[in-house]
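Undergrad: Pasting a structure below so you can have a look.
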Amino acid sequence: MQGQQRRKVWIDASNVIHQNPDTDVPDGRILTSAFECYEKLGYEVRAIMTKNSFYYYKNEKIPGLKALKELKAAKKLIIVNSDDDKNLLDLCVAEKAWLVTYDKFDTKTHDDGSVTERQRALYPDLSWEEIDEYTRGTERREDGRIQSNQHWSVRETVFYDPEMPKAPRSLFSTKLSKLAESIDELDLLLVKMDGIAEGYDQGDLPNKSDIRKRIVRLQGRAKGLREVMPDAEVDEDSLSEYTLLELKSIAKDLGISGRSNKKKEQLIQMIKDHINPSPEKIKQAEKKDPPTRDEERLKQVRKEQQVARRKAKEDLLRLRPSPDGQERQIPEGEMKTAQCGEEVAKILRKTPASERPREKRTLLDHIRSQRTSSWSKKAHDEHILNWLKQRGIISISDDDVEAVKYNL
């Protein structure tokens, strides 16, 4: 079955959180439960909602709002400007994903006789047969009509989809896959715990506020774990565990040609060569597909900009005394996170208050722009930002803007 090769699930977030059978009030904890349901089956799960919906839920302070914020911060809940349904449909087809919604995307006729055309009428060229086949929540009947409220259900705030097949194993396992998956599970579990605690009355849980604060601190630590994780590398040693069919699928996804008649050992070597090409193969590829004039010019401009920035930063490099008492420049890659943080703080102190970055994202851009060759590659921008927070040099608001305040 083709669907067995689908490893990703996209959720219509607004549709799901409105499915509490006991109340008309939307509840973000249902979305958390849906994530848990599909992630336990091995899927990579994401959800979408519009900006207007998110701010409506925020203004109304719906149950489970904090869960929505946590999913958004973890980039599991994607906020789009408009037409989240069209985004979902495109992603379902482009990413070969399952789609979770009760929405039929069909034209609606109102009580006054007026008609509102929706996605099936507006986008007839979409692969509707494929979309209908892989939508959890709707089914196409023999007469061609779409039937809603299928497959999954909600009881209180718990999401159920008992017949959903398990996800096929990932064809791109990495050396750190198990640890990364465990961190994601911990993060989702903490979100769920906070949602459960939120549902208790103060009489049943007198120290409710303290418990939720402690959960928030644990969430911060879980987030810190994710930030210090090194970049994942494909686990080449695991390739021998895959079947010939799976290896061909990997080779196809990587764009490797000449794979159809190869044996298992040959495919493994082709994949390894593609992941870590030899210098000779890199040179051959460059000769085969030389850069255009525009690409060459862009490359030269970027190089000139890098040189200019490096020269401009030389004055900002902190000099350290050598053992003989003489000043020396910091060697390349020597400065660790704390030292880089001190440099950033020093520069921020010299920057007029009106010109300092006011949001987390712009502060990260500012940190990135200060990098020099003396900074260690292991001193990531997020690590430096966390160091500034831990030292009380900055504080960041817990909202969508993530505004930065300075204590310099």
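Ordering of the structure tokens sets the chain letters (A, B, ...), residue numbers begin anew at 1 in every chain, and ligands are numbered from 1 in the order given.
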Skip range 19-29 of chain A itself and residues of its chain fewer than 2 positions away, then list as a list in words all residues within 6 Å of it, counting only C-alpha atoms.

TA: Val16, Ile17, Leu31, Thr32, Pro63, Gly64, Leu65, Leu68, Glu156 and Gly195 of chain A

Undergrad: Emit the selected residues as a compact mmCIF listing (two decimals), in the first residue's frame, including C-alpha atoms.

TA:
# COMPACT_ATOMS: atom_id res chain seq x y z
CA VAL A 16 -9.23 19.33 15.73
CA ILE A 17 -9.34 21.59 18.80
CA LEU A 31 -4.19 19.06 19.67
CA THR A 32 -1.49 17.96 22.11
CA PRO A 63 -8.17 25.93 27.76
CA GLY A 64 -4.86 24.52 26.58
CA LEU A 65 -3.64 27.90 25.24
CA LEU A 68 -0.62 25.84 21.64
CA GLU A 156 -13.13 14.88 26.65
CA GLY A 195 -2.52 20.66 30.19

Undergrad: List every residue of range 128-219 of chain A that DSSP, applied to the backbone, labels as strand (DSSP E or B), and write the result as a PyMOL selection string.

TA: chain A and resi 135-136+139-140+146-147+153-155+158-160+174

Undergrad: Do you know which residues are at most 10 Å from Asn261 in chain A counting only C-alpha atoms, after dropping those on the same chain fewer than 5 positions away, and could you put them as a PDB file with N, CA and C atoms, in the first residue's frame?

TA:
ATOM      1  N   LYS A 248      16.862   1.275  -2.490  1.00  0.00           N
ATOM      2  CA  LYS A 248      16.526   1.931  -3.757  1.00  0.00           C
ATOM      3  C   LYS A 248      15.692   3.179  -3.518  1.00  0.00           C
ATOM      4  N   GLN A 266      26.279  -2.734  -3.704  1.00  0.00           N
ATOM      5  CA  GLN A 266      26.591  -1.634  -4.619  1.00  0.00           C
ATOM      6  C   GLN A 266      25.786  -0.383  -4.249  1.00  0.00           C
ATOM      7  N   LEU A 267      24.506  -0.576  -3.911  1.00  0.00           N
ATOM      8  CA  LEU A 267      23.670   0.564  -3.532  1.00  0.00           C
ATOM      9  C   LEU A 267      24.193   1.228  -2.258  1.00  0.00           C
TER      10      LEU A 267
END

Undergrad: Can you tell me, as a PyMOL selection string, what residues are no more than 9 Å from range 334-342 of chain A when counting only C-alpha atoms, ignoring any on the same chain fewer than 4 positions away?

TA: chain A and resi 330+346-347+367+371+373-381+383-385+387-388

Undergrad: Skipping near chain neighbours, those fewer than 4 positions away, what residues fall within 12 Å of Leu126 in chain A using only C-alpha atoms, listed as a list in words?

TA: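 Close residues of Leu126 in chain A: Lys86, Asn87, Leu88, Leu89, Asp90, Leu91, Cys92, Val93, Ala94, Phe105, Gln119, Arg120, Ala121, Leu122, Glu130, Ile131 and Asp132 of chain A.
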
Undergrad: Tell me which of A:Lys405, A:Thr372, A:Ile196, A:Glu39 sits closest to Val158 in chain A, counting only C-alpha atoms.

TA: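 Counting only C-alpha atoms, the residue closest to Val158 in chain A is A:Ile196.
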
Undergrad: Excluding Ala34 in chain A and its own-chain neighbours fewer than 5 positions away, which residues fall within 12 Å of it when counting only C-alpha atoms? Please give them as a PyMOL selection string.

TA: chain A and resi 9-13+15-17+19+27-29+39-41+43-47+71+100-101+136+152-155+157-162+164+188+192

Undergrad: Between CA of Glu402 in chain A and CA of Lys350 in chain A, what is the distance, to one decimal in Å?

TA: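 Between CA of Glu402 in chain A and CA of Lys350 in chain A the gap is 22.9 Å.
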
Undergrad: Just the number, please: distance in Å from CA of Asp84 in chain A to CA of Asp103 in chain A, one decimal.

TA: 11.7 Å

Undergrad: Please, what distance in Å, to one decimal, runs between CA of Ala403 in chain A and CA of Leu186 in chain A?

TA: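 Taking CA of Ala403 in chain A and CA of Leu186 in chain A, their separation equals 26.7 Å.
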
Undergrad: Let's see if you can do this: from backbone DSSP, list all alpha helix (DSSP H) residues in range 12-221 of chain A, as a VMD selection string.

TA: chain A and resid 13 to 17 28 to 40 51 to 60 65 to 73 84 to 94 119 to 122 128 to 133 177 to 198 208 to 221

Undergrad: Contacts of Ser14 in chain A at 8 Å or less, counting only C-alpha atoms, minus same-chain residues fewer than 4 places along, as a VMD selection string?

TA: chain A and resid 18 48 to 49 53

Undergrad: Take the selection from the previous step and output its residues with N, CA and C atoms, as a PDB file, in the first residue's frame.

TA:
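So selection_3.pdb came out as:
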ATOM      1  N   HIS A  18     -11.622  21.992  18.019  1.00  0.00           N
ATOM      2  CA  HIS A  18     -13.043  22.308  18.206  1.00  0.00           C
ATOM      3  C   HIS A  18     -13.906  21.049  18.356  1.00  0.00           C
ATOM      4  N   ILE A  48      -1.231  23.078  11.415  1.00  0.00           N
ATOM      5  CA  ILE A  48      -1.330  24.418  10.827  1.00  0.00           C
ATOM      6  C   ILE A  48      -2.592  25.102  11.319  1.00  0.00           C
ATOM      7  N   MET A  49      -2.474  26.405  11.573  1.00  0.00           N
ATOM      8  CA  MET A  49      -3.669  27.231  11.778  1.00  0.00           C
ATOM      9  C   MET A  49      -3.350  28.647  11.295  1.00  0.00           C
ATOM     10  N   SER A  53      -6.840  32.848  13.733  1.00  0.00           N
ATOM     11  CA  SER A  53      -7.332  31.847  14.691  1.00  0.00           C
ATOM     12  C   SER A  53      -6.474  31.820  15.942  1.00  0.00           C
TER      13      SER A  53
END
